[in-house]
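For reference, the structure discussed in these notes is given below.
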Amino acid sequence: MYGLEQFLLVAEQVLGIDAERLARATQIPLAESALAAPFAGFGDHDVYDGPIERASILASRIMRNHPLPDGNKRVALVLMRIYLLEHGWRLTAAPGDIDRTFRAVAGRQQNEQDFCAWLASHVERDVG
């Protein structure tokens, strides 16, 4: 699970704004909710199965919760890629396809289930 500090450090790198300054402009509860969502569960049962589904929920919730004043889609993409790589997967989609899909998710024209299916069809095992 990613914490707020990691989120802010990634946002700092993506946006070029100091993490301490970002922390003052970030809606912290919305960020924490987005970061926790992929790891939700009840008892011994996880709500989301496997790294691809969790990565899609992580990115979707960051985009939809919109905790940052700017750059939510970019930060969501970077965190999603990091999470996938940590679990042995890499994103293979073309930049234009990523842009269209992320805009659709952020604008709620694409639901999370469809986004997960899109992501599953645009990743491959990272052998390197």
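Ordering of the structure tokens sets the chain letters (A, B, ...), residue numbers begin anew at 1 in every chain, and ligands are numbered from 1 in the order given.
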Residues near Glu53 (chain A), cut-off 9 Å, only C-alpha atoms, skip fewer than 4 positions along chain, as a count of residues only = 10
So that I can check the surroundings of Ala55 (chain A), please list as a compact mmCIF listing (two decimals) with C-alpha atoms, in the first residue's frame every protein, DNA and RNA residue that reaches within 12 Å of it, counting only C-alpha atoms and ignoring chain neighbours fewer than 3 positions away.
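The new file around_26.txt reads:
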# COMPACT_ATOMS: atom_id res chain seq x y z
CA MET A 1 0.00 0.00 0.00
CA TYR A 2 1.23 3.48 -0.81
CA ALA A 34 -7.59 6.81 -3.28
CA LEU A 35 -4.40 5.22 -1.95
CA ALA A 36 -6.27 2.83 0.35
CA ALA A 37 -9.00 1.77 -2.10
CA PRO A 38 -7.03 -0.93 -4.01
CA PHE A 39 -6.28 -2.73 -0.76
CA TYR A 48 -9.76 -6.39 -5.66
CA ASP A 49 -7.79 -9.36 -6.93
CA GLY A 50 -4.27 -9.16 -8.22
CA PRO A 51 -1.93 -6.38 -9.21
CA ILE A 52 -3.61 -5.39 -12.47
CA LEU A 58 -5.34 3.02 -7.67
CA ALA A 59 -5.15 5.12 -10.84
CA SER A 60 -8.91 5.46 -11.20
CA ARG A 61 -9.45 6.66 -7.66
CA ILE A 62 -6.65 9.22 -7.87
CA ALA A 76 -2.13 8.40 -11.34
CA LEU A 77 -0.27 7.09 -14.39
CA VAL A 78 3.13 7.19 -12.69
CA LEU A 79 1.86 5.46 -9.54
CA MET A 80 0.04 2.86 -11.62
CA ARG A 81 3.21 2.14 -13.61
CA ILE A 82 5.30 1.89 -10.45
CA TYR A 83 2.81 -0.50 -8.87
CA LEU A 84 2.70 -2.66 -11.99
CA LEU A 85 6.50 -2.79 -12.25
CA GLU A 86 6.79 -3.73 -8.56
CA HIS A 87 4.55 -6.70 -9.33
CA TRP A 89 4.07 -6.09 -15.16
CA ARG A 90 4.62 -3.24 -17.58
CA LEU A 91 2.21 -1.00 -19.45
CA GLU A 112 -13.67 1.20 -13.32
CA PHE A 115 -10.75 0.56 -17.19
CA CYS A 116 -9.52 -2.62 -15.50
CA ALA A 117 -10.28 -4.61 -18.65
CA TRP A 118 -8.46 -1.99 -20.75
CA LEU A 119 -5.43 -2.18 -18.48
CA ALA A 120 -5.42 -6.00 -18.53
CA VAL A 123 0.13 -4.96 -19.94
Would you kindly return, as number ranges by chain, each protein, DNA or RNA residue with an atom no farther than 8 Å from any atom of region 3-12 of chain A, considering only C-alpha atoms and excluding same-chain residues fewer than 6 positions away?
-> A: 18-19, 22-23, 28, 31-32, 35, 71, 75, 78-79
Write the selection just made, keeping N, CA and C atoms, as a PDB file, in the first residue's frame?
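Written out: again-v2.pdb:
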ATOM      1  N   ASP A  18       7.401  21.503  -4.875  1.00  0.00           N
ATOM      2  CA  ASP A  18       7.883  20.946  -3.617  1.00  0.00           C
ATOM      3  C   ASP A  18       6.775  20.191  -2.878  1.00  0.00           C
ATOM      4  N   ALA A  19       7.110  18.998  -2.365  1.00  0.00           N
ATOM      5  CA  ALA A  19       6.129  18.140  -1.694  1.00  0.00           C
ATOM      6  C   ALA A  19       5.477  18.837  -0.499  1.00  0.00           C
ATOM      7  N   LEU A  22       2.941  21.103  -1.921  1.00  0.00           N
ATOM      8  CA  LEU A  22       1.830  20.299  -2.428  1.00  0.00           C
ATOM      9  C   LEU A  22       0.937  19.803  -1.300  1.00  0.00           C
ATOM     10  N   ALA A  23       1.541  19.430  -0.191  1.00  0.00           N
ATOM     11  CA  ALA A  23       0.762  18.917   0.938  1.00  0.00           C
ATOM     12  C   ALA A  23      -0.258  19.939   1.412  1.00  0.00           C
ATOM     13  N   ILE A  28      -6.109  16.057   1.474  1.00  0.00           N
ATOM     14  CA  ILE A  28      -5.492  14.874   2.081  1.00  0.00           C
ATOM     15  C   ILE A  28      -6.475  13.712   2.220  1.00  0.00           C
ATOM     16  N   ALA A  31      -6.860  11.990  -1.107  1.00  0.00           N
ATOM     17  CA  ALA A  31      -5.646  11.258  -1.489  1.00  0.00           C
ATOM     18  C   ALA A  31      -5.551   9.951  -0.708  1.00  0.00           C
ATOM     19  N   GLU A  32      -5.773  10.014   0.593  1.00  0.00           N
ATOM     20  CA  GLU A  32      -5.692   8.811   1.422  1.00  0.00           C
ATOM     21  C   GLU A  32      -6.736   7.780   1.017  1.00  0.00           C
ATOM     22  N   LEU A  35      -5.543   6.102  -2.185  1.00  0.00           N
ATOM     23  CA  LEU A  35      -4.402   5.221  -1.951  1.00  0.00           C
ATOM     24  C   LEU A  35      -4.800   3.935  -1.232  1.00  0.00           C
ATOM     25  N   GLY A  71      -2.681  17.872 -12.215  1.00  0.00           N
ATOM     26  CA  GLY A  71      -1.776  16.750 -12.432  1.00  0.00           C
ATOM     27  C   GLY A  71      -2.255  15.407 -11.927  1.00  0.00           C
ATOM     28  N   VAL A  75      -0.050  11.923 -12.223  1.00  0.00           N
ATOM     29  CA  VAL A  75       0.385  11.243 -10.994  1.00  0.00           C
ATOM     30  C   VAL A  75      -0.217   9.845 -10.940  1.00  0.00           C
ATOM     31  N   VAL A  78       1.814   7.550 -13.243  1.00  0.00           N
ATOM     32  CA  VAL A  78       3.128   7.193 -12.691  1.00  0.00           C
ATOM     33  C   VAL A  78       2.980   6.177 -11.554  1.00  0.00           C
ATOM     34  N   LEU A  79       2.056   6.415 -10.642  1.00  0.00           N
ATOM     35  CA  LEU A  79       1.862   5.464  -9.542  1.00  0.00           C
ATOM     36  C   LEU A  79       1.379   4.109 -10.048  1.00  0.00           C
TER      37      LEU A  79
END
When DSSP works through the backbone of this structure, what residues of chain A end up as strand (DSSP E), shown as a PyMOL selection string?
-> chain A and resi 41-42+45-46+89-91+123-125
How would the residues just chosen look if you wrote them out with N, CA and C atoms as a PDB file, in the first residue's frame?
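part_14.pdb, freshly written:
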ATOM      1  N   GLY A  41     -10.714  -4.615   1.892  1.00  0.00           N
ATOM      2  CA  GLY A  41     -11.106  -5.992   2.091  1.00  0.00           C
ATOM      3  C   GLY A  41     -12.094  -6.111   3.235  1.00  0.00           C
ATOM      4  N   PHE A  42     -12.585  -7.303   3.382  1.00  0.00           N
ATOM      5  CA  PHE A  42     -13.506  -7.602   4.466  1.00  0.00           C
ATOM      6  C   PHE A  42     -13.075  -8.940   5.040  1.00  0.00           C
ATOM      7  N   HIS A  45     -10.987 -11.510   2.925  1.00  0.00           N
ATOM      8  CA  HIS A  45     -11.310 -11.397   1.506  1.00  0.00           C
ATOM      9  C   HIS A  45     -10.957 -10.011   0.972  1.00  0.00           C
ATOM     10  N   ASP A  46     -10.138  -9.995  -0.062  1.00  0.00           N
ATOM     11  CA  ASP A  46      -9.799  -8.744  -0.730  1.00  0.00           C
ATOM     12  C   ASP A  46     -10.916  -8.366  -1.691  1.00  0.00           C
ATOM     13  N   TRP A  89       4.831  -6.424 -13.956  1.00  0.00           N
ATOM     14  CA  TRP A  89       4.071  -6.086 -15.160  1.00  0.00           C
ATOM     15  C   TRP A  89       4.540  -4.749 -15.704  1.00  0.00           C
ATOM     16  N   ARG A  90       4.339  -4.544 -17.002  1.00  0.00           N
ATOM     17  CA  ARG A  90       4.616  -3.236 -17.582  1.00  0.00           C
ATOM     18  C   ARG A  90       3.504  -2.849 -18.534  1.00  0.00           C
ATOM     19  N   LEU A  91       3.252  -1.564 -18.589  1.00  0.00           N
ATOM     20  CA  LEU A  91       2.213  -1.002 -19.447  1.00  0.00           C
ATOM     21  C   LEU A  91       2.733  -0.948 -20.873  1.00  0.00           C
ATOM     22  N   VAL A 123      -1.053  -4.672 -20.754  1.00  0.00           N
ATOM     23  CA  VAL A 123       0.126  -4.964 -19.940  1.00  0.00           C
ATOM     24  C   VAL A 123       0.722  -6.280 -20.375  1.00  0.00           C
ATOM     25  N   GLU A 124       1.976  -6.439 -20.064  1.00  0.00           N
ATOM     26  CA  GLU A 124       2.639  -7.724 -20.286  1.00  0.00           C
ATOM     27  C   GLU A 124       3.637  -7.944 -19.166  1.00  0.00           C
ATOM     28  N   ARG A 125       3.993  -9.191 -18.985  1.00  0.00           N
ATOM     29  CA  ARG A 125       4.978  -9.530 -17.954  1.00  0.00           C
ATOM     30  C   ARG A 125       6.284  -8.817 -18.251  1.00  0.00           C
TER      31      ARG A 125
END
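Residues of region 81-119 of chain A assigned to helix (DSSP H, G or I) by DSSP on this structure's backbone: Arg81, Ile82, Tyr83, Leu84, Leu85, Glu86, Pro95, Gly96, Asp97, Ile98, Asp99, Arg100, Thr101, Phe102, Arg103, Ala104, Val105, Ala106, Glu112, Gln113, Asp114, Phe115, Cys116, Ala117, Trp118 and Leu119 of chain A.
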